[in-house]
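The next block is model_4.txt, given as compact mmCIF, C-alpha atoms.
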# COMPACT_ATOMS: atom_id res chain seq x y z
CA MET G 209 0.00 0.00 0.00
CA LEU G 210 1.31 3.42 -0.92
CA LEU G 211 0.19 6.28 1.33
CA LEU G 212 0.65 9.58 -0.46
CA GLU G 213 0.36 13.23 0.47
CA GLU G 214 -1.69 14.25 -2.55
CA ARG G 215 -3.52 13.22 -5.71
CA SER G 216 -0.69 14.24 -8.04
CA ALA G 217 1.63 11.66 -6.43
CA LYS G 218 -1.12 9.05 -6.80
CA ALA G 219 -1.59 9.92 -10.47
CA MET G 220 2.14 9.65 -11.17
CA LEU G 221 2.58 6.39 -9.24
CA ASP G 222 -0.53 4.77 -10.71
CA ALA G 223 1.13 5.19 -14.12
CA LEU G 224 4.70 4.43 -12.95
CA LEU G 225 4.12 1.33 -10.80
CA PRO G 226 3.12 -1.02 -13.66
CA ARG G 227 6.48 -0.18 -15.25
CA ILE G 228 8.32 -1.32 -12.10
CA LEU G 229 6.28 -4.01 -10.39
CA ASP G 230 5.97 -7.68 -11.18
CA PRO G 231 2.40 -8.35 -12.38
CA ARG G 232 1.85 -10.71 -9.42
CA ILE G 233 2.02 -7.76 -7.05
CA HIS G 234 -1.07 -5.64 -6.62
CA ALA G 235 -0.32 -2.13 -5.39
CA ARG G 236 -2.93 0.08 -3.79
CA THR G 237 -2.36 3.85 -3.76
CA ILE G 238 -4.15 6.12 -1.32
CA ALA G 239 -3.94 9.90 -1.65
CA PHE G 240 -4.57 12.12 1.34
CA GLU G 241 -5.66 15.76 1.32
CA GLY G 242 -2.21 17.19 2.03
CA LYS G 243 0.58 16.61 4.48
CA GLN G 244 -1.40 17.36 7.66
CA ASP G 245 -4.12 14.90 6.65
CA LEU G 246 -1.49 12.24 5.84
CA GLU G 247 0.28 12.69 9.17
CA ARG G 248 -2.97 12.77 11.15
CA GLN G 249 -4.42 9.61 9.58
CA LEU G 250 -1.25 7.59 8.95
CA PRO G 251 -1.10 5.59 12.23
CA ARG G 252 -4.81 4.70 12.02
CA LYS G 253 -4.59 3.65 8.35
CA LEU G 254 -1.53 1.51 9.00
CA ARG G 255 -3.05 -0.09 12.12
CA GLY G 256 -6.27 -0.82 10.25
CA TYR G 257 -4.57 -2.80 7.51
CA VAL G 258 -4.66 -6.40 8.73
CA ASN G 259 -2.73 -8.25 6.01
CA PRO G 260 0.42 -9.34 7.92
CA ALA G 261 2.42 -9.72 4.70
CA ALA G 262 1.62 -6.23 3.36
CA ARG G 263 4.30 -3.60 2.85
CA PHE G 264 3.80 0.16 3.06
CA LEU G 265 5.45 3.09 1.34
CA VAL G 266 4.79 6.62 2.64
CA LEU G 267 5.59 9.54 0.33
CA ARG G 268 5.46 13.19 1.33
CA ASP G 269 6.90 16.43 -0.07
CA GLN G 270 9.52 18.25 1.98
CA ASP G 271 8.01 21.62 1.05
CA SER G 272 9.38 24.24 3.44
CA ALA G 273 10.48 21.83 6.18
CA PRO G 274 14.09 22.82 6.91
CA ASP G 275 15.39 19.33 7.69
CA CYS G 276 14.48 16.47 5.36
CA LEU G 277 15.94 13.83 7.68
CA ALA G 278 13.98 15.11 10.69
CA LEU G 279 10.81 15.03 8.60
CA LYS G 280 11.56 11.44 7.59
CA ARG G 281 12.20 10.47 11.25
CA ASP G 282 8.83 11.98 12.22
CA LEU G 283 7.06 9.90 9.56
CA VAL G 284 8.94 6.75 10.65
CA ASP G 285 7.81 7.50 14.23
CA LEU G 286 4.19 7.55 13.01
CA CYS G 287 4.76 4.13 11.41
CA ARG G 288 6.26 2.92 14.70
CA LEU G 289 3.15 4.16 16.56
CA ALA G 290 1.10 1.80 14.40
CA ASP G 291 3.54 -1.10 14.96
CA LYS G 292 4.32 -1.12 11.21
CA GLU G 293 7.81 0.35 11.19
CA ALA G 294 9.43 -2.95 10.12
CA VAL G 295 7.20 -3.23 7.04
CA SER G 296 7.10 0.47 6.13
CA LEU G 297 9.36 2.59 3.99
CA VAL G 298 9.27 6.39 4.13
CA ARG G 299 10.32 8.59 1.24
CA VAL G 300 10.44 12.38 1.18
CA ALA G 301 10.40 14.24 -2.13
CA CYS G 302 13.06 16.93 -1.82
CA ARG G 303 11.12 20.18 -1.93
CA GLU G 304 8.28 18.92 -4.17
CA LEU G 305 7.29 16.07 -6.45
CA GLU G 306 7.90 18.41 -9.39
CA ALA G 307 11.67 18.34 -8.71
CA MET G 308 11.56 14.72 -9.89
CA TYR G 309 9.95 15.89 -13.11
CA LEU G 310 12.45 18.70 -13.64
CA ALA G 311 15.22 16.11 -13.33
CA ASP G 312 13.84 14.44 -16.47
CA LEU G 313 12.94 17.15 -18.96
CA GLN G 314 12.90 14.59 -21.78
CA ALA G 315 9.97 12.92 -19.99
CA VAL G 316 8.27 16.31 -19.52
CA GLU G 317 8.58 16.94 -23.27
CA ALA G 318 7.11 13.54 -24.13
CA ALA G 319 4.34 13.65 -21.52
CA LEU G 320 3.17 17.16 -22.37
CA GLY G 321 3.82 17.05 -26.11
CA LEU G 322 6.28 19.96 -25.94
CA LYS G 323 9.56 20.51 -27.74
CA GLY G 324 12.83 22.09 -26.69
CA LEU G 325 12.67 21.50 -22.94
CA ALA G 326 15.29 18.74 -22.77
CA ARG G 327 17.98 21.13 -23.99
CA HIS G 328 17.69 22.92 -20.62
CA GLN G 329 18.61 19.76 -18.66
CA ASN G 330 22.30 20.57 -18.44
CA THR G 331 21.85 24.14 -17.27
CA ALA G 332 22.79 24.73 -13.64
CA LYS G 333 19.16 25.15 -12.59
CA PHE G 334 17.97 21.80 -13.93
CA ARG G 335 21.03 19.67 -13.24
CA GLN G 336 20.07 19.67 -9.56
CA PRO G 337 16.38 20.64 -9.43
CA GLU G 338 15.97 19.52 -5.83
CA ARG G 339 17.83 22.67 -4.82
CA LEU G 340 15.13 24.91 -6.33
CA GLU G 341 12.92 26.77 -3.89
CA SER G 342 9.69 26.05 -5.81
CA PRO G 343 10.00 23.28 -8.42
CA SER G 344 6.27 23.46 -9.18
CA ARG G 345 6.54 27.14 -10.07
CA GLU G 346 9.65 26.47 -12.19
CA LEU G 347 7.89 23.64 -14.04
CA THR G 348 4.81 25.77 -14.70
CA GLN G 349 6.99 28.60 -16.05
CA LEU G 350 9.16 26.28 -18.14
CA THR G 351 6.12 24.65 -19.75
CA ARG G 352 4.34 28.01 -20.16
CA GLY G 353 1.42 26.77 -18.11
CA ALA G 354 1.03 23.41 -19.88
CA TYR G 355 1.89 21.53 -16.67
CA GLN G 356 -1.22 20.70 -14.66
CA LYS G 357 -0.51 19.05 -11.30
CA VAL G 358 -2.70 15.91 -11.47
CA GLY G 359 -3.28 15.38 -15.20
CA SER G 360 0.34 15.96 -16.16
CA SER G 361 1.58 13.76 -13.31
CA ARG G 362 -0.44 10.87 -14.75
CA HIS G 363 1.28 11.31 -18.14
CA LEU G 364 4.70 11.83 -16.59
CA GLY G 365 4.46 8.49 -14.77
CA LEU G 366 4.40 6.84 -18.20
CA HIS G 367 7.58 8.58 -19.36
CA LEU G 368 9.93 9.10 -16.40
CA ASP G 369 13.27 7.36 -16.93
CA LEU G 370 13.53 4.76 -14.15
CA ALA G 371 17.33 4.95 -14.27
CA ASN G 372 17.48 8.76 -13.98
CA GLU G 373 19.67 9.78 -11.05
CA ARG G 374 19.46 13.58 -11.32
CA SER G 375 16.79 13.46 -8.62
CA ALA G 376 17.98 11.66 -5.50
CA SER G 377 14.35 11.54 -4.33
CA PHE G 378 13.22 9.76 -7.49
CA LYS G 379 16.17 7.38 -7.41
CA HIS G 380 15.40 6.46 -3.78
CA LEU G 381 11.68 6.15 -4.50
CA VAL G 382 12.27 3.69 -7.37
CA ARG G 383 14.83 1.71 -5.37
CA GLY G 384 12.48 1.63 -2.39
CA ILE G 385 9.65 0.26 -4.51
CA GLN G 386 12.02 -2.35 -5.93
CA ARG G 387 13.16 -3.29 -2.42
CA LEU G 388 9.59 -3.74 -1.20
CA GLN G 389 8.85 -5.79 -4.30
CA ALA G 390 11.82 -8.09 -3.59
CA GLU G 391 10.59 -8.58 0.00
CA LEU G 392 7.11 -9.46 -1.23
CA LEU G 393 8.32 -11.85 -3.92
CA ALA G 394 10.43 -13.66 -1.33
CA LEU G 395 7.27 -14.52 0.63
CA PRO G 396 5.43 -17.81 -0.08
CA ASP G 397 2.48 -15.89 -1.62
CA ALA G 398 3.25 -12.57 -3.32
CA PRO G 399 0.81 -10.28 -1.47
CA ALA G 400 -0.13 -6.68 -2.07
CA LEU G 401 2.08 -3.63 -1.69
Once more with this new file: its structure as structure tokens, please.
Amino acid sequence: MLLLEERSAKAMLDALLPRILDPRIHARTIAFEGKQDLERQLPRKLRGYVNPAARFLVLRDQDSAPDCLALKRDLVDLCRLADKEAVSLVRVACRELEAMYLADLQAVEAALGLKGLARHQNTAKFRQPERLESPSRELTQLTRGAYQKVGSSRHLGLHLDLANERSASFKHLVRGIQRLQAELLALPDAPAL
């Protein structure tokens, strides 16, 4: 089960997961109404899931939180409160989900049907997009308003390069999903993520 801060992350992952996961694994994505809603409901949602073989991935944007690691520890503590820490994986998108998109401008071009964006990839700004203050604003400006948070995220999930390492957050997200998949496939019956 993937527990996500917002609908745009769900849209992206619903398109991306079939490209990563073995068909025997059924993933369920749940989008919350923002970070406060995610944090408030997380322990209860985790506790309420009774499948002992299930694995959980929690994804939240860093936004303006000054310390990404402290934010991750807080989310791990919420998993611990629900007695699901051992089967949960927490990922924090540095700044915003859109930094992952800016790290793959070729995918943005393909997903949005635009031309000329990929040539910006090697500029200082887009080599390390997780350092940008507002990746969502940068993406909206770069695409001249063509980027729409949920609809575009769905298309981007179909095009993001799984091997792209310009976004540490994306790299760790993909590797985390692969790790959970390996754990599940090692079980006698491949249950749901």
Pick from G:Leu210, G:Leu325, G:Ala371, G:Val298 nearest to Leu225 of chain G, counting all atoms listed in the file: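 Answer, going by the shortest atom-to-atom distance: G:Leu210.
Of note, atom CA of Gln349 of chain G and atom CA of Arg268 of chain G are spaced 23.3 Å apart.
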For atom CA of Ala332 of chain G and atom CA of Gly384 of chain G, the interatomic separation in Å (one decimal):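 These atoms are spaced 27.7 Å apart.
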Between atom CA of Leu364 of chain G and atom CA of Leu246 of chain G, distance in Å (one decimal):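 So the answer is 23.3 Å.
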Counting all atoms listed in the file, the residue of G:Asp269, G:Glu341, G:Glu317, G:Asp222 that sits nearest Arg299 of chain G: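 Comparing G:Asp269, G:Glu341, G:Glu317, G:Asp222 against Arg299 of chain G, the winner is G:Asp269.
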Contacts of Ala290 of chain G within 8 Å, all atoms listed in the file, excl. fewer than 2 positions in-chain, as a PyMOL selection string: chain G and resi 251-252+254-255+286-288+292-293
Resulting file, chosen residues, C-alpha atoms, as a CSV table (one decimal), keeping the file's coordinate frame:
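Saved the output as selection_36.csv:
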chain,number,residue,atom,x,y,z
G,251,PRO,CA,-1.1,5.6,12.2
G,252,ARG,CA,-4.8,4.7,12.0
G,254,LEU,CA,-1.5,1.5,9.0
G,255,ARG,CA,-3.0,-0.1,12.1
G,286,LEU,CA,4.2,7.6,13.0
G,287,CYS,CA,4.8,4.1,11.4
G,288,ARG,CA,6.3,2.9,14.7
G,292,LYS,CA,4.3,-1.1,11.2
G,293,GLU,CA,7.8,0.4,11.2
Within 12 Å of Leu297 of chain G using all atoms listed in the file, minus same-chain residues under 4 positions, as a VMD selection string: chain G and resid 209 to 211 262 to 268 280 to 281 283 to 288 292 to 293 380 to 389 391 401
Expected file: the selected residues, C-alpha atoms, as a CSV table (one decimal), in the coordinates of the input:
chain,number,residue,atom,x,y,z
G,209,MET,CA,0.0,0.0,0.0
G,210,LEU,CA,1.3,3.4,-0.9
G,211,LEU,CA,0.2,6.3,1.3
G,262,ALA,CA,1.6,-6.2,3.4
G,263,ARG,CA,4.3,-3.6,2.8
G,264,PHE,CA,3.8,0.2,3.1
G,265,LEU,CA,5.4,3.1,1.3
G,266,VAL,CA,4.8,6.6,2.6
G,267,LEU,CA,5.6,9.5,0.3
G,268,ARG,CA,5.5,13.2,1.3
G,280,LYS,CA,11.6,11.4,7.6
G,281,ARG,CA,12.2,10.5,11.2
G,283,LEU,CA,7.1,9.9,9.6
G,284,VAL,CA,8.9,6.8,10.6
G,285,ASP,CA,7.8,7.5,14.2
G,286,LEU,CA,4.2,7.6,13.0
G,287,CYS,CA,4.8,4.1,11.4
G,288,ARG,CA,6.3,2.9,14.7
G,292,LYS,CA,4.3,-1.1,11.2
G,293,GLU,CA,7.8,0.4,11.2
G,380,HIS,CA,15.4,6.5,-3.8
G,381,LEU,CA,11.7,6.2,-4.5
G,382,VAL,CA,12.3,3.7,-7.4
G,383,ARG,CA,14.8,1.7,-5.4
G,384,GLY,CA,12.5,1.6,-2.4
G,385,ILE,CA,9.6,0.3,-4.5
G,386,GLN,CA,12.0,-2.4,-5.9
G,387,ARG,CA,13.2,-3.3,-2.4
G,388,LEU,CA,9.6,-3.7,-1.2
G,389,GLN,CA,8.8,-5.8,-4.3
G,391,GLU,CA,10.6,-8.6,0.0
G,401,LEU,CA,2.1,-3.6,-1.7
Atoms added to segment 380-391 of chain G (all heavy atoms), reported as a PDB file, in the coordinates of the input:
ATOM      1  N   HIS G 380      15.699   7.182  -5.013  1.00  0.00           N
ATOM      2  CA  HIS G 380      15.400   6.460  -3.780  1.00  0.00           C
ATOM      3  C   HIS G 380      13.971   5.915  -3.773  1.00  0.00           C
ATOM      4  O   HIS G 380      13.718   4.840  -3.211  1.00  0.00           O
ATOM      5  CB  HIS G 380      15.663   7.328  -2.554  1.00  0.00           C
ATOM      6  CG  HIS G 380      17.108   7.628  -2.349  1.00  0.00           C
ATOM      7  ND1 HIS G 380      18.057   6.657  -2.139  1.00  0.00           N
ATOM      8  CD2 HIS G 380      17.786   8.810  -2.342  1.00  0.00           C
ATOM      9  CE1 HIS G 380      19.249   7.209  -2.015  1.00  0.00           C
ATOM     10  NE2 HIS G 380      19.109   8.514  -2.140  1.00  0.00           N
ATOM     11  N   LEU G 381      13.053   6.636  -4.394  1.00  0.00           N
ATOM     12  CA  LEU G 381      11.680   6.150  -4.500  1.00  0.00           C
ATOM     13  C   LEU G 381      11.637   4.862  -5.323  1.00  0.00           C
ATOM     14  O   LEU G 381      11.065   3.860  -4.894  1.00  0.00           O
ATOM     15  CB  LEU G 381      10.786   7.224  -5.126  1.00  0.00           C
ATOM     16  CG  LEU G 381       9.342   6.806  -5.409  1.00  0.00           C
ATOM     17  CD1 LEU G 381       8.604   6.488  -4.118  1.00  0.00           C
ATOM     18  CD2 LEU G 381       8.627   7.906  -6.195  1.00  0.00           C
ATOM     19  N   VAL G 382      12.263   4.872  -6.498  1.00  0.00           N
ATOM     20  CA  VAL G 382      12.270   3.690  -7.370  1.00  0.00           C
ATOM     21  C   VAL G 382      12.965   2.528  -6.668  1.00  0.00           C
ATOM     22  O   VAL G 382      12.447   1.401  -6.644  1.00  0.00           O
ATOM     23  CB  VAL G 382      12.916   4.008  -8.727  1.00  0.00           C
ATOM     24  CG1 VAL G 382      13.157   2.735  -9.541  1.00  0.00           C
ATOM     25  CG2 VAL G 382      12.047   4.989  -9.516  1.00  0.00           C
ATOM     26  N   ARG G 383      14.105   2.781  -6.064  1.00  0.00           N
ATOM     27  CA  ARG G 383      14.830   1.710  -5.370  1.00  0.00           C
ATOM     28  C   ARG G 383      14.029   1.176  -4.180  1.00  0.00           C
ATOM     29  O   ARG G 383      14.064  -0.012  -3.874  1.00  0.00           O
ATOM     30  CB  ARG G 383      16.203   2.186  -4.933  1.00  0.00           C
ATOM     31  CG  ARG G 383      17.141   2.341  -6.118  1.00  0.00           C
ATOM     32  CD  ARG G 383      18.517   2.750  -5.691  1.00  0.00           C
ATOM     33  NE  ARG G 383      19.371   2.941  -6.861  1.00  0.00           N
ATOM     34  CZ  ARG G 383      20.531   3.543  -6.838  1.00  0.00           C
ATOM     35  NH1 ARG G 383      21.011   4.024  -5.695  1.00  0.00           N
ATOM     36  NH2 ARG G 383      21.243   3.690  -7.930  1.00  0.00           N
ATOM     37  N   GLY G 384      13.318   2.060  -3.505  1.00  0.00           N
ATOM     38  CA  GLY G 384      12.480   1.630  -2.390  1.00  0.00           C
ATOM     39  C   GLY G 384      11.349   0.731  -2.850  1.00  0.00           C
ATOM     40  O   GLY G 384      11.051  -0.296  -2.216  1.00  0.00           O
ATOM     41  N   ILE G 385      10.711   1.089  -3.940  1.00  0.00           N
ATOM     42  CA  ILE G 385       9.650   0.260  -4.510  1.00  0.00           C
ATOM     43  C   ILE G 385      10.219  -1.099  -4.910  1.00  0.00           C
ATOM     44  O   ILE G 385       9.622  -2.151  -4.632  1.00  0.00           O
ATOM     45  CB  ILE G 385       8.975   0.964  -5.697  1.00  0.00           C
ATOM     46  CG1 ILE G 385       8.200   2.197  -5.208  1.00  0.00           C
ATOM     47  CG2 ILE G 385       8.057   0.007  -6.461  1.00  0.00           C
ATOM     48  CD1 ILE G 385       7.767   3.151  -6.306  1.00  0.00           C
ATOM     49  N   GLN G 386      11.383  -1.089  -5.526  1.00  0.00           N
ATOM     50  CA  GLN G 386      12.020  -2.350  -5.930  1.00  0.00           C
ATOM     51  C   GLN G 386      12.383  -3.202  -4.711  1.00  0.00           C
ATOM     52  O   GLN G 386      12.249  -4.422  -4.742  1.00  0.00           O
ATOM     53  CB  GLN G 386      13.260  -2.059  -6.784  1.00  0.00           C
ATOM     54  CG  GLN G 386      12.912  -1.489  -8.141  1.00  0.00           C
ATOM     55  CD  GLN G 386      14.112  -0.924  -8.890  1.00  0.00           C
ATOM     56  OE1 GLN G 386      15.112  -0.513  -8.294  1.00  0.00           O
ATOM     57  NE2 GLN G 386      14.008  -0.891 -10.213  1.00  0.00           N
ATOM     58  N   ARG G 387      12.816  -2.560  -3.640  1.00  0.00           N
ATOM     59  CA  ARG G 387      13.160  -3.290  -2.420  1.00  0.00           C
ATOM     60  C   ARG G 387      11.922  -3.941  -1.795  1.00  0.00           C
ATOM     61  O   ARG G 387      11.947  -5.115  -1.417  1.00  0.00           O
ATOM     62  CB  ARG G 387      13.814  -2.351  -1.409  1.00  0.00           C
ATOM     63  CG  ARG G 387      14.286  -3.084  -0.158  1.00  0.00           C
ATOM     64  CD  ARG G 387      14.992  -2.162   0.782  1.00  0.00           C
ATOM     65  NE  ARG G 387      14.134  -1.940   1.931  1.00  0.00           N
ATOM     66  CZ  ARG G 387      14.223  -0.931   2.749  1.00  0.00           C
ATOM     67  NH1 ARG G 387      15.135   0.000   2.557  1.00  0.00           N
ATOM     68  NH2 ARG G 387      13.429  -0.814   3.768  1.00  0.00           N
ATOM     69  N   LEU G 388      10.826  -3.182  -1.735  1.00  0.00           N
ATOM     70  CA  LEU G 388       9.590  -3.740  -1.200  1.00  0.00           C
ATOM     71  C   LEU G 388       9.094  -4.892  -2.081  1.00  0.00           C
ATOM     72  O   LEU G 388       8.609  -5.916  -1.575  1.00  0.00           O
ATOM     73  CB  LEU G 388       8.517  -2.659  -1.061  1.00  0.00           C
ATOM     74  CG  LEU G 388       8.781  -1.591   0.005  1.00  0.00           C
ATOM     75  CD1 LEU G 388       7.708  -0.514  -0.048  1.00  0.00           C
ATOM     76  CD2 LEU G 388       8.887  -2.194   1.392  1.00  0.00           C
ATOM     77  N   GLN G 389       9.238  -4.725  -3.381  1.00  0.00           N
ATOM     78  CA  GLN G 389       8.850  -5.790  -4.300  1.00  0.00           C
ATOM     79  C   GLN G 389       9.663  -7.061  -4.029  1.00  0.00           C
ATOM     80  O   GLN G 389       9.109  -8.163  -3.965  1.00  0.00           O
ATOM     81  CB  GLN G 389       9.052  -5.351  -5.749  1.00  0.00           C
ATOM     82  CG  GLN G 389       8.854  -6.479  -6.740  1.00  0.00           C
ATOM     83  CD  GLN G 389       8.988  -6.026  -8.167  1.00  0.00           C
ATOM     84  OE1 GLN G 389       7.979  -5.929  -8.842  1.00  0.00           O
ATOM     85  NE2 GLN G 389      10.202  -5.738  -8.631  1.00  0.00           N
ATOM     86  N   ALA G 390      10.967  -6.919  -3.860  1.00  0.00           N
ATOM     87  CA  ALA G 390      11.820  -8.090  -3.590  1.00  0.00           C
ATOM     88  C   ALA G 390      11.399  -8.779  -2.290  1.00  0.00           C
ATOM     89  O   ALA G 390      11.361 -10.011  -2.227  1.00  0.00           O
ATOM     90  CB  ALA G 390      13.291  -7.658  -3.517  1.00  0.00           C
ATOM     91  N   GLU G 391      11.057  -8.001  -1.261  1.00  0.00           N
ATOM     92  CA  GLU G 391      10.590  -8.580   0.000  1.00  0.00           C
ATOM     93  C   GLU G 391       9.306  -9.375  -0.223  1.00  0.00           C
ATOM     94  O   GLU G 391       9.145 -10.480   0.284  1.00  0.00           O
ATOM     95  CB  GLU G 391      10.339  -7.492   1.040  1.00  0.00           C
ATOM     96  CG  GLU G 391      11.590  -6.849   1.585  1.00  0.00           C
ATOM     97  CD  GLU G 391      11.287  -5.716   2.570  1.00  0.00           C
ATOM     98  OE1 GLU G 391      10.137  -5.625   3.062  1.00  0.00           O
ATOM     99  OE2 GLU G 391      12.207  -4.932   2.843  1.00  0.00           O
TER     100      GLU G 391
END
